[in-house]
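Okay, input-v8.cif now, which holds mmCIF, N, CA and C atoms, pLDDT in the B column; chains and numbers go by the auth columns:
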data_start
#
loop_
_atom_site.group_PDB
_atom_site.id
_atom_site.type_symbol
_atom_site.label_atom_id
_atom_site.label_comp_id
_atom_site.label_asym_id
_atom_site.label_seq_id
_atom_site.Cartn_x
_atom_site.Cartn_y
_atom_site.Cartn_z
_atom_site.B_iso_or_equiv
_atom_site.auth_seq_id
_atom_site.auth_asym_id
ATOM 1 N N MET A 1 0.851 -1.178 0.000 91.00 1 A
ATOM 2 C CA MET A 1 0.000 0.000 0.000 91.00 1 A
ATOM 3 C C MET A 1 0.892 1.235 0.000 91.00 1 A
ATOM 4 N N PRO A 2 1.048 1.900 -1.154 96.00 2 A
ATOM 5 C CA PRO A 2 1.846 3.126 -1.173 96.00 2 A
ATOM 6 C C PRO A 2 1.149 4.257 -0.415 96.00 2 A
ATOM 7 N N TYR A 3 1.961 4.995 0.313 97.00 3 A
ATOM 8 C CA TYR A 3 1.506 6.198 0.999 97.00 3 A
ATOM 9 C C TYR A 3 2.458 7.309 0.588 97.00 3 A
ATOM 10 N N VAL A 4 1.942 8.346 -0.037 98.00 4 A
ATOM 11 C CA VAL A 4 2.757 9.461 -0.508 98.00 4 A
ATOM 12 C C VAL A 4 2.301 10.712 0.215 98.00 4 A
ATOM 13 N N ASN A 5 3.259 11.430 0.799 98.00 5 A
ATOM 14 C CA ASN A 5 2.961 12.680 1.497 98.00 5 A
ATOM 15 C C ASN A 5 3.635 13.804 0.725 98.00 5 A
ATOM 16 N N ILE A 6 2.824 14.703 0.199 98.00 6 A
ATOM 17 C CA ILE A 6 3.320 15.842 -0.568 98.00 6 A
ATOM 18 C C ILE A 6 3.104 17.088 0.277 98.00 6 A
ATOM 19 N N GLN A 7 4.165 17.810 0.531 97.00 7 A
ATOM 20 C CA GLN A 7 4.067 19.031 1.330 97.00 7 A
ATOM 21 C C GLN A 7 4.361 20.226 0.429 97.00 7 A
ATOM 22 N N ILE A 8 3.433 21.190 0.450 96.00 8 A
ATOM 23 C CA ILE A 8 3.563 22.378 -0.379 96.00 8 A
ATOM 24 C C ILE A 8 3.211 23.609 0.448 96.00 8 A
ATOM 25 N N THR A 9 3.652 24.766 -0.037 91.00 9 A
ATOM 26 C CA THR A 9 3.173 26.014 0.548 91.00 9 A
ATOM 27 C C THR A 9 1.897 26.412 -0.188 91.00 9 A
ATOM 28 N N ALA A 10 1.275 27.479 0.238 87.00 10 A
ATOM 29 C CA ALA A 10 -0.006 27.917 -0.321 87.00 10 A
ATOM 30 C C ALA A 10 0.116 28.228 -1.807 87.00 10 A
ATOM 31 N N GLY A 11 -1.005 28.170 -2.495 90.00 11 A
ATOM 32 C CA GLY A 11 -1.045 28.622 -3.873 90.00 11 A
ATOM 33 C C GLY A 11 -1.606 27.626 -4.866 90.00 11 A
ATOM 34 N N ALA A 12 -1.635 26.345 -4.523 95.00 12 A
ATOM 35 C CA ALA A 12 -2.163 25.354 -5.463 95.00 12 A
ATOM 36 C C ALA A 12 -3.688 25.364 -5.434 95.00 12 A
ATOM 37 N N THR A 13 -4.273 25.310 -6.598 96.00 13 A
ATOM 38 C CA THR A 13 -5.729 25.242 -6.690 96.00 13 A
ATOM 39 C C THR A 13 -6.198 23.809 -6.451 96.00 13 A
ATOM 40 N N ARG A 14 -7.480 23.647 -6.231 97.00 14 A
ATOM 41 C CA ARG A 14 -8.054 22.306 -6.075 97.00 14 A
ATOM 42 C C ARG A 14 -7.791 21.476 -7.326 97.00 14 A
ATOM 43 N N GLU A 15 -7.927 22.096 -8.490 98.00 15 A
ATOM 44 C CA GLU A 15 -7.701 21.399 -9.755 98.00 15 A
ATOM 45 C C GLU A 15 -6.247 20.940 -9.873 98.00 15 A
ATOM 46 N N GLN A 16 -5.302 21.776 -9.465 98.00 16 A
ATOM 47 C CA GLN A 16 -3.889 21.396 -9.507 98.00 16 A
ATOM 48 C C GLN A 16 -3.602 20.241 -8.550 98.00 16 A
ATOM 49 N N LYS A 17 -4.196 20.282 -7.363 97.00 17 A
ATOM 50 C CA LYS A 17 -3.995 19.199 -6.404 97.00 17 A
ATOM 51 C C LYS A 17 -4.601 17.900 -6.921 97.00 17 A
ATOM 52 N N ALA A 18 -5.767 17.978 -7.548 98.00 18 A
ATOM 53 C CA ALA A 18 -6.391 16.793 -8.127 98.00 18 A
ATOM 54 C C ALA A 18 -5.509 16.201 -9.227 98.00 18 A
ATOM 55 N N GLN A 19 -4.934 17.064 -10.045 98.00 19 A
ATOM 56 C CA GLN A 19 -4.039 16.603 -11.110 98.00 19 A
ATOM 57 C C GLN A 19 -2.785 15.959 -10.521 98.00 19 A
ATOM 58 N N LEU A 20 -2.252 16.539 -9.472 97.00 20 A
ATOM 59 C CA LEU A 20 -1.084 15.990 -8.798 97.00 20 A
ATOM 60 C C LEU A 20 -1.386 14.588 -8.256 97.00 20 A
ATOM 61 N N VAL A 21 -2.522 14.427 -7.597 98.00 21 A
ATOM 62 C CA VAL A 21 -2.920 13.127 -7.066 98.00 21 A
ATOM 63 C C VAL A 21 -3.049 12.110 -8.205 98.00 21 A
ATOM 64 N N GLN A 22 -3.682 12.506 -9.291 98.00 22 A
ATOM 65 C CA GLN A 22 -3.868 11.587 -10.427 98.00 22 A
ATOM 66 C C GLN A 22 -2.535 11.190 -11.038 98.00 22 A
ATOM 67 N N GLU A 23 -1.657 12.155 -11.253 98.00 23 A
ATOM 68 C CA GLU A 23 -0.395 11.859 -11.921 98.00 23 A
ATOM 69 C C GLU A 23 0.558 11.060 -11.037 98.00 23 A
ATOM 70 N N VAL A 24 0.575 11.323 -9.753 98.00 24 A
ATOM 71 C CA VAL A 24 1.407 10.522 -8.844 98.00 24 A
ATOM 72 C C VAL A 24 0.873 9.092 -8.798 98.00 24 A
ATOM 73 N N THR A 25 -0.438 8.955 -8.718 98.00 25 A
ATOM 74 C CA THR A 25 -1.040 7.622 -8.734 98.00 25 A
ATOM 75 C C THR A 25 -0.699 6.890 -10.022 98.00 25 A
ATOM 76 N N ASP A 26 -0.845 7.565 -11.157 98.00 26 A
ATOM 77 C CA ASP A 26 -0.526 6.958 -12.450 98.00 26 A
ATOM 78 C C ASP A 26 0.938 6.511 -12.503 98.00 26 A
ATOM 79 N N SER A 27 1.837 7.309 -11.951 98.00 27 A
ATOM 80 C CA SER A 27 3.257 6.952 -11.939 98.00 27 A
ATOM 81 C C SER A 27 3.510 5.711 -11.102 98.00 27 A
ATOM 82 N N LEU A 28 2.859 5.599 -9.952 98.00 28 A
ATOM 83 C CA LEU A 28 3.029 4.420 -9.103 98.00 28 A
ATOM 84 C C LEU A 28 2.489 3.164 -9.786 98.00 28 A
ATOM 85 N N VAL A 29 1.404 3.312 -10.520 97.00 29 A
ATOM 86 C CA VAL A 29 0.839 2.193 -11.271 97.00 29 A
ATOM 87 C C VAL A 29 1.794 1.796 -12.396 97.00 29 A
ATOM 88 N N ARG A 30 2.238 2.764 -13.170 98.00 30 A
ATOM 89 C CA ARG A 30 3.076 2.507 -14.339 98.00 30 A
ATOM 90 C C ARG A 30 4.463 1.989 -13.965 98.00 30 A
ATOM 91 N N ILE A 31 5.097 2.602 -12.974 97.00 31 A
ATOM 92 C CA ILE A 31 6.486 2.270 -12.649 97.00 31 A
ATOM 93 C C ILE A 31 6.607 1.099 -11.690 97.00 31 A
ATOM 94 N N LEU A 32 5.755 1.062 -10.675 97.00 32 A
ATOM 95 C CA LEU A 32 5.875 0.036 -9.634 97.00 32 A
ATOM 96 C C LEU A 32 4.790 -1.038 -9.688 97.00 32 A
ATOM 97 N N GLY A 33 3.807 -0.860 -10.584 97.00 33 A
ATOM 98 C CA GLY A 33 2.740 -1.848 -10.685 97.00 33 A
ATOM 99 C C GLY A 33 1.772 -1.834 -9.512 97.00 33 A
ATOM 100 N N LYS A 34 1.663 -0.695 -8.828 97.00 34 A
ATOM 101 C CA LYS A 34 0.765 -0.599 -7.667 97.00 34 A
ATOM 102 C C LYS A 34 -0.676 -0.414 -8.123 97.00 34 A
ATOM 103 N N LYS A 35 -1.601 -0.860 -7.298 97.00 35 A
ATOM 104 C CA LYS A 35 -3.019 -0.707 -7.609 97.00 35 A
ATOM 105 C C LYS A 35 -3.494 0.664 -7.138 97.00 35 A
ATOM 106 N N PRO A 36 -4.203 1.393 -7.987 97.00 36 A
ATOM 107 C CA PRO A 36 -4.683 2.724 -7.601 97.00 36 A
ATOM 108 C C PRO A 36 -5.549 2.696 -6.349 97.00 36 A
ATOM 109 N N GLU A 37 -6.349 1.645 -6.197 97.00 37 A
ATOM 110 C CA GLU A 37 -7.253 1.571 -5.041 97.00 37 A
ATOM 111 C C GLU A 37 -6.512 1.308 -3.734 97.00 37 A
ATOM 112 N N HIS A 38 -5.230 1.016 -3.810 96.00 38 A
ATOM 113 C CA HIS A 38 -4.420 0.821 -2.609 96.00 38 A
ATOM 114 C C HIS A 38 -3.466 1.993 -2.368 96.00 38 A
ATOM 115 N N THR A 39 -3.549 3.000 -3.196 97.00 39 A
ATOM 116 C CA THR A 39 -2.618 4.130 -3.136 97.00 39 A
ATOM 117 C C THR A 39 -3.249 5.300 -2.382 97.00 39 A
ATOM 118 N N HIS A 40 -2.520 5.792 -1.405 98.00 40 A
ATOM 119 C CA HIS A 40 -2.972 6.931 -0.601 98.00 40 A
ATOM 120 C C HIS A 40 -2.012 8.092 -0.811 98.00 40 A
ATOM 121 N N ILE A 41 -2.567 9.257 -1.086 98.00 41 A
ATOM 122 C CA ILE A 41 -1.762 10.458 -1.279 98.00 41 A
ATOM 123 C C ILE A 41 -2.335 11.556 -0.397 98.00 41 A
ATOM 124 N N VAL A 42 -1.467 12.155 0.404 98.00 42 A
ATOM 125 C CA VAL A 42 -1.856 13.241 1.298 98.00 42 A
ATOM 126 C C VAL A 42 -1.120 14.497 0.854 98.00 42 A
ATOM 127 N N ILE A 43 -1.857 15.573 0.679 98.00 43 A
ATOM 128 C CA ILE A 43 -1.244 16.866 0.373 98.00 43 A
ATOM 129 C C ILE A 43 -1.388 17.737 1.608 98.00 43 A
ATOM 130 N N GLN A 44 -0.255 18.154 2.139 97.00 44 A
ATOM 131 C CA GLN A 44 -0.260 19.019 3.312 97.00 44 A
ATOM 132 C C GLN A 44 0.183 20.409 2.891 97.00 44 A
ATOM 133 N N LYS A 45 -0.627 21.388 3.259 95.00 45 A
ATOM 134 C CA LYS A 45 -0.276 22.777 2.980 95.00 45 A
ATOM 135 C C LYS A 45 0.434 23.324 4.217 95.00 45 A
ATOM 136 N N ILE A 46 1.668 23.752 4.030 95.00 46 A
ATOM 137 C CA ILE A 46 2.494 24.259 5.116 95.00 46 A
ATOM 138 C C ILE A 46 2.611 25.779 4.979 95.00 46 A
ATOM 139 N N ALA A 47 2.378 26.493 6.049 94.00 47 A
ATOM 140 C CA ALA A 47 2.517 27.951 6.021 94.00 47 A
ATOM 141 C C ALA A 47 3.971 28.321 5.712 94.00 47 A
ATOM 142 N N GLU A 48 4.156 29.362 4.935 92.00 48 A
ATOM 143 C CA GLU A 48 5.510 29.781 4.568 92.00 48 A
ATOM 144 C C GLU A 48 6.350 30.155 5.786 92.00 48 A
ATOM 145 N N ALA A 49 5.707 30.577 6.858 93.00 49 A
ATOM 146 C CA ALA A 49 6.434 30.899 8.082 93.00 49 A
ATOM 147 C C ALA A 49 6.890 29.637 8.814 93.00 49 A
ATOM 148 N N ASP A 50 6.389 28.471 8.370 95.00 50 A
ATOM 149 C CA ASP A 50 6.759 27.195 8.980 95.00 50 A
ATOM 150 C C ASP A 50 7.652 26.358 8.058 95.00 50 A
ATOM 151 N N TRP A 51 8.160 26.961 7.002 93.00 51 A
ATOM 152 C CA TRP A 51 8.965 26.252 6.014 93.00 51 A
ATOM 153 C C TRP A 51 10.282 26.991 5.860 93.00 51 A
ATOM 154 N N GLY A 52 11.384 26.279 5.948 93.00 52 A
ATOM 155 C CA GLY A 52 12.694 26.890 5.779 93.00 52 A
ATOM 156 C C GLY A 52 13.265 26.613 4.407 93.00 52 A
ATOM 157 N N PHE A 53 13.968 27.598 3.868 86.00 53 A
ATOM 158 C CA PHE A 53 14.566 27.474 2.539 86.00 53 A
ATOM 159 C C PHE A 53 15.796 28.361 2.483 86.00 53 A
ATOM 160 N N ALA A 54 16.893 27.834 2.048 88.00 54 A
ATOM 161 C CA ALA A 54 18.128 28.605 1.873 88.00 54 A
ATOM 162 C C ALA A 54 18.553 29.299 3.167 88.00 54 A
ATOM 163 N N GLY A 55 18.323 28.623 4.288 94.00 55 A
ATOM 164 C CA GLY A 55 18.728 29.176 5.577 94.00 55 A
ATOM 165 C C GLY A 55 17.784 30.207 6.158 94.00 55 A
ATOM 166 N N MET A 56 16.617 30.353 5.554 95.00 56 A
ATOM 167 C CA MET A 56 15.657 31.363 6.005 95.00 56 A
ATOM 168 C C MET A 56 14.253 30.757 6.006 95.00 56 A
ATOM 169 N N LEU A 57 13.344 31.390 6.744 95.00 57 A
ATOM 170 C CA LEU A 57 11.942 31.025 6.599 95.00 57 A
ATOM 171 C C LEU A 57 11.496 31.461 5.211 95.00 57 A
ATOM 172 N N THR A 58 10.651 30.670 4.590 92.00 58 A
ATOM 173 C CA THR A 58 10.272 30.935 3.206 92.00 58 A
ATOM 174 C C THR A 58 9.638 32.304 3.026 92.00 58 A
ATOM 175 N N ASP A 59 8.807 32.748 3.961 92.00 59 A
ATOM 176 C CA ASP A 59 8.193 34.070 3.796 92.00 59 A
ATOM 177 C C ASP A 59 9.247 35.170 3.824 92.00 59 A
ATOM 178 N N ASP A 60 10.275 35.046 4.676 94.00 60 A
ATOM 179 C CA ASP A 60 11.357 36.027 4.701 94.00 60 A
ATOM 180 C C ASP A 60 12.182 35.954 3.420 94.00 60 A
ATOM 181 N N TRP A 61 12.433 34.745 2.930 92.00 61 A
ATOM 182 C CA TRP A 61 13.198 34.575 1.698 92.00 61 A
ATOM 183 C C TRP A 61 12.488 35.250 0.531 92.00 61 A
ATOM 184 N N LYS A 62 11.160 35.056 0.447 89.00 62 A
ATOM 185 C CA LYS A 62 10.399 35.681 -0.634 89.00 62 A
ATOM 186 C C LYS A 62 10.438 37.205 -0.545 89.00 62 A
ATOM 187 N N LYS A 63 10.330 37.755 0.677 91.00 63 A
ATOM 188 C CA LYS A 63 10.428 39.198 0.857 91.00 63 A
ATOM 189 C C LYS A 63 11.774 39.707 0.402 91.00 63 A
ATOM 190 N N GLN A 64 12.827 38.975 0.699 91.00 64 A
ATOM 191 C CA GLN A 64 14.168 39.365 0.294 91.00 64 A
ATOM 192 C C GLN A 64 14.293 39.359 -1.226 91.00 64 A
ATOM 193 N N GLN A 65 13.689 38.391 -1.904 90.00 65 A
ATOM 194 C CA GLN A 65 13.752 38.309 -3.350 90.00 65 A
ATOM 195 C C GLN A 65 13.053 39.492 -4.000 90.00 65 A
ATOM 196 N N ILE A 66 11.969 39.934 -3.404 91.00 66 A
ATOM 197 C CA ILE A 66 11.226 41.072 -3.951 91.00 66 A
ATOM 198 C C ILE A 66 12.028 42.363 -3.815 91.00 66 A
ATOM 199 N N SER A 67 12.722 42.510 -2.690 85.00 67 A
ATOM 200 C CA SER A 67 13.458 43.753 -2.440 85.00 67 A
ATOM 201 C C SER A 67 14.770 43.842 -3.203 85.00 67 A
ATOM 202 N N GLU A 68 15.221 42.755 -3.801 80.00 68 A
ATOM 203 C CA GLU A 68 16.502 42.776 -4.546 80.00 68 A
ATOM 204 C C GLU A 68 16.322 43.279 -5.950 80.00 68 A
#
Written as structure tokens, that's how I'd like the structure from this file.
Amino acid sequence: MPYVNIQITAGATREQKAQLVQEVTDSLVRILGKKPEHTHIVIQKIAEADWGFAGMLTDDWKKQQISE
């Protein structure tokens, strides 16, 4: 039973998340021969203030990119 946990920051639409679930499922079926009905995919939305990137919190990193 595959379990896939995808963590993203805000911004993905419901349609994009649905497409992500479908394509990840299709890849597991095609590459590993897994059954779609046994595949679980969780998408977790993480606040940018709770995500670190390049040594900074993501929201601070984005602010820095805008000011440069």
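Summary of the local environment: counting only N, CA and C atoms, residues at most 5 Å from stretch 35-48 of chain A, other than itself and those fewer than 3 positions away along its chain, are A:Met1, A:Pro2, A:Tyr3, A:Val4, A:Asn5, A:Ile6, A:Gln7, A:Ile8, A:Thr9, A:Trp51, A:Thr58, A:Asp59.
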Exercise for the section: Could you tell me, as a count of residues only, which residues of chain A DSSP assigns to strand (DSSP E) when given the backbone? Expected result: 16
Handout entry: All alpha helix (DSSP H) positions in chain A, as a ChimeraX atom specification
Key = /A:14-32,58-67
Next, dump the selected residues to file, keeping only N, CA and C atoms, as an mmCIF file, in the frame of the given file.
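Result file again.cif:
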data_model
loop_
_atom_site.group_PDB
_atom_site.id
_atom_site.type_symbol
_atom_site.label_atom_id
_atom_site.label_comp_id
_atom_site.auth_asym_id
_atom_site.auth_seq_id
_atom_site.Cartn_x
_atom_site.Cartn_y
_atom_site.Cartn_z
ATOM 1 N N ARG A 14 -7.480 23.647 -6.231
ATOM 2 C CA ARG A 14 -8.054 22.306 -6.075
ATOM 3 C C ARG A 14 -7.791 21.476 -7.326
ATOM 4 N N GLU A 15 -7.927 22.096 -8.490
ATOM 5 C CA GLU A 15 -7.701 21.399 -9.755
ATOM 6 C C GLU A 15 -6.247 20.940 -9.873
ATOM 7 N N GLN A 16 -5.302 21.776 -9.465
ATOM 8 C CA GLN A 16 -3.889 21.396 -9.507
ATOM 9 C C GLN A 16 -3.602 20.241 -8.550
ATOM 10 N N LYS A 17 -4.196 20.282 -7.363
ATOM 11 C CA LYS A 17 -3.995 19.199 -6.404
ATOM 12 C C LYS A 17 -4.601 17.900 -6.921
ATOM 13 N N ALA A 18 -5.767 17.978 -7.548
ATOM 14 C CA ALA A 18 -6.391 16.793 -8.127
ATOM 15 C C ALA A 18 -5.509 16.201 -9.227
ATOM 16 N N GLN A 19 -4.934 17.064 -10.045
ATOM 17 C CA GLN A 19 -4.039 16.603 -11.110
ATOM 18 C C GLN A 19 -2.785 15.959 -10.521
ATOM 19 N N LEU A 20 -2.252 16.539 -9.472
ATOM 20 C CA LEU A 20 -1.084 15.990 -8.798
ATOM 21 C C LEU A 20 -1.386 14.588 -8.256
ATOM 22 N N VAL A 21 -2.522 14.427 -7.597
ATOM 23 C CA VAL A 21 -2.920 13.127 -7.066
ATOM 24 C C VAL A 21 -3.049 12.110 -8.205
ATOM 25 N N GLN A 22 -3.682 12.506 -9.291
ATOM 26 C CA GLN A 22 -3.868 11.587 -10.427
ATOM 27 C C GLN A 22 -2.535 11.190 -11.038
ATOM 28 N N GLU A 23 -1.657 12.155 -11.253
ATOM 29 C CA GLU A 23 -0.395 11.859 -11.921
ATOM 30 C C GLU A 23 0.558 11.060 -11.037
ATOM 31 N N VAL A 24 0.575 11.323 -9.753
ATOM 32 C CA VAL A 24 1.407 10.522 -8.844
ATOM 33 C C VAL A 24 0.873 9.092 -8.798
ATOM 34 N N THR A 25 -0.438 8.955 -8.718
ATOM 35 C CA THR A 25 -1.040 7.622 -8.734
ATOM 36 C C THR A 25 -0.699 6.890 -10.022
ATOM 37 N N ASP A 26 -0.845 7.565 -11.157
ATOM 38 C CA ASP A 26 -0.526 6.958 -12.450
ATOM 39 C C ASP A 26 0.938 6.511 -12.503
ATOM 40 N N SER A 27 1.837 7.309 -11.951
ATOM 41 C CA SER A 27 3.257 6.952 -11.939
ATOM 42 C C SER A 27 3.510 5.711 -11.102
ATOM 43 N N LEU A 28 2.859 5.599 -9.952
ATOM 44 C CA LEU A 28 3.029 4.420 -9.103
ATOM 45 C C LEU A 28 2.489 3.164 -9.786
ATOM 46 N N VAL A 29 1.404 3.312 -10.520
ATOM 47 C CA VAL A 29 0.839 2.193 -11.271
ATOM 48 C C VAL A 29 1.794 1.796 -12.396
ATOM 49 N N ARG A 30 2.238 2.764 -13.170
ATOM 50 C CA ARG A 30 3.076 2.507 -14.339
ATOM 51 C C ARG A 30 4.463 1.989 -13.965
ATOM 52 N N ILE A 31 5.097 2.602 -12.974
ATOM 53 C CA ILE A 31 6.486 2.270 -12.649
ATOM 54 C C ILE A 31 6.607 1.099 -11.690
ATOM 55 N N LEU A 32 5.755 1.062 -10.675
ATOM 56 C CA LEU A 32 5.875 0.036 -9.634
ATOM 57 C C LEU A 32 4.790 -1.038 -9.688
ATOM 58 N N THR A 58 10.651 30.670 4.590
ATOM 59 C CA THR A 58 10.272 30.935 3.206
ATOM 60 C C THR A 58 9.638 32.304 3.026
ATOM 61 N N ASP A 59 8.807 32.748 3.961
ATOM 62 C CA ASP A 59 8.193 34.070 3.796
ATOM 63 C C ASP A 59 9.247 35.170 3.824
ATOM 64 N N ASP A 60 10.275 35.046 4.676
ATOM 65 C CA ASP A 60 11.357 36.027 4.701
ATOM 66 C C ASP A 60 12.182 35.954 3.420
ATOM 67 N N TRP A 61 12.433 34.745 2.930
ATOM 68 C CA TRP A 61 13.198 34.575 1.698
ATOM 69 C C TRP A 61 12.488 35.250 0.531
ATOM 70 N N LYS A 62 11.160 35.056 0.447
ATOM 71 C CA LYS A 62 10.399 35.681 -0.634
ATOM 72 C C LYS A 62 10.438 37.205 -0.545
ATOM 73 N N LYS A 63 10.330 37.755 0.677
ATOM 74 C CA LYS A 63 10.428 39.198 0.857
ATOM 75 C C LYS A 63 11.774 39.707 0.402
ATOM 76 N N GLN A 64 12.827 38.975 0.699
ATOM 77 C CA GLN A 64 14.168 39.365 0.294
ATOM 78 C C GLN A 64 14.293 39.359 -1.226
ATOM 79 N N GLN A 65 13.689 38.391 -1.904
ATOM 80 C CA GLN A 65 13.752 38.309 -3.350
ATOM 81 C C GLN A 65 13.053 39.492 -4.000
ATOM 82 N N ILE A 66 11.969 39.934 -3.404
ATOM 83 C CA ILE A 66 11.226 41.072 -3.951
ATOM 84 C C ILE A 66 12.028 42.363 -3.815
ATOM 85 N N SER A 67 12.722 42.510 -2.690
ATOM 86 C CA SER A 67 13.458 43.753 -2.440
ATOM 87 C C SER A 67 14.770 43.842 -3.203
#
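Atom CA of A:Asp26 is found 29.2 Å from atom N of A:Gly52.
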Completion exercise
Correct to one decimal, the distance atom CA of A:Glu15-atom CA of A:Ser27 is 18.3 Å
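Here atom CA of A:Ala10 is placed at a distance of 13.5 Å from atom N of A:Asp60.
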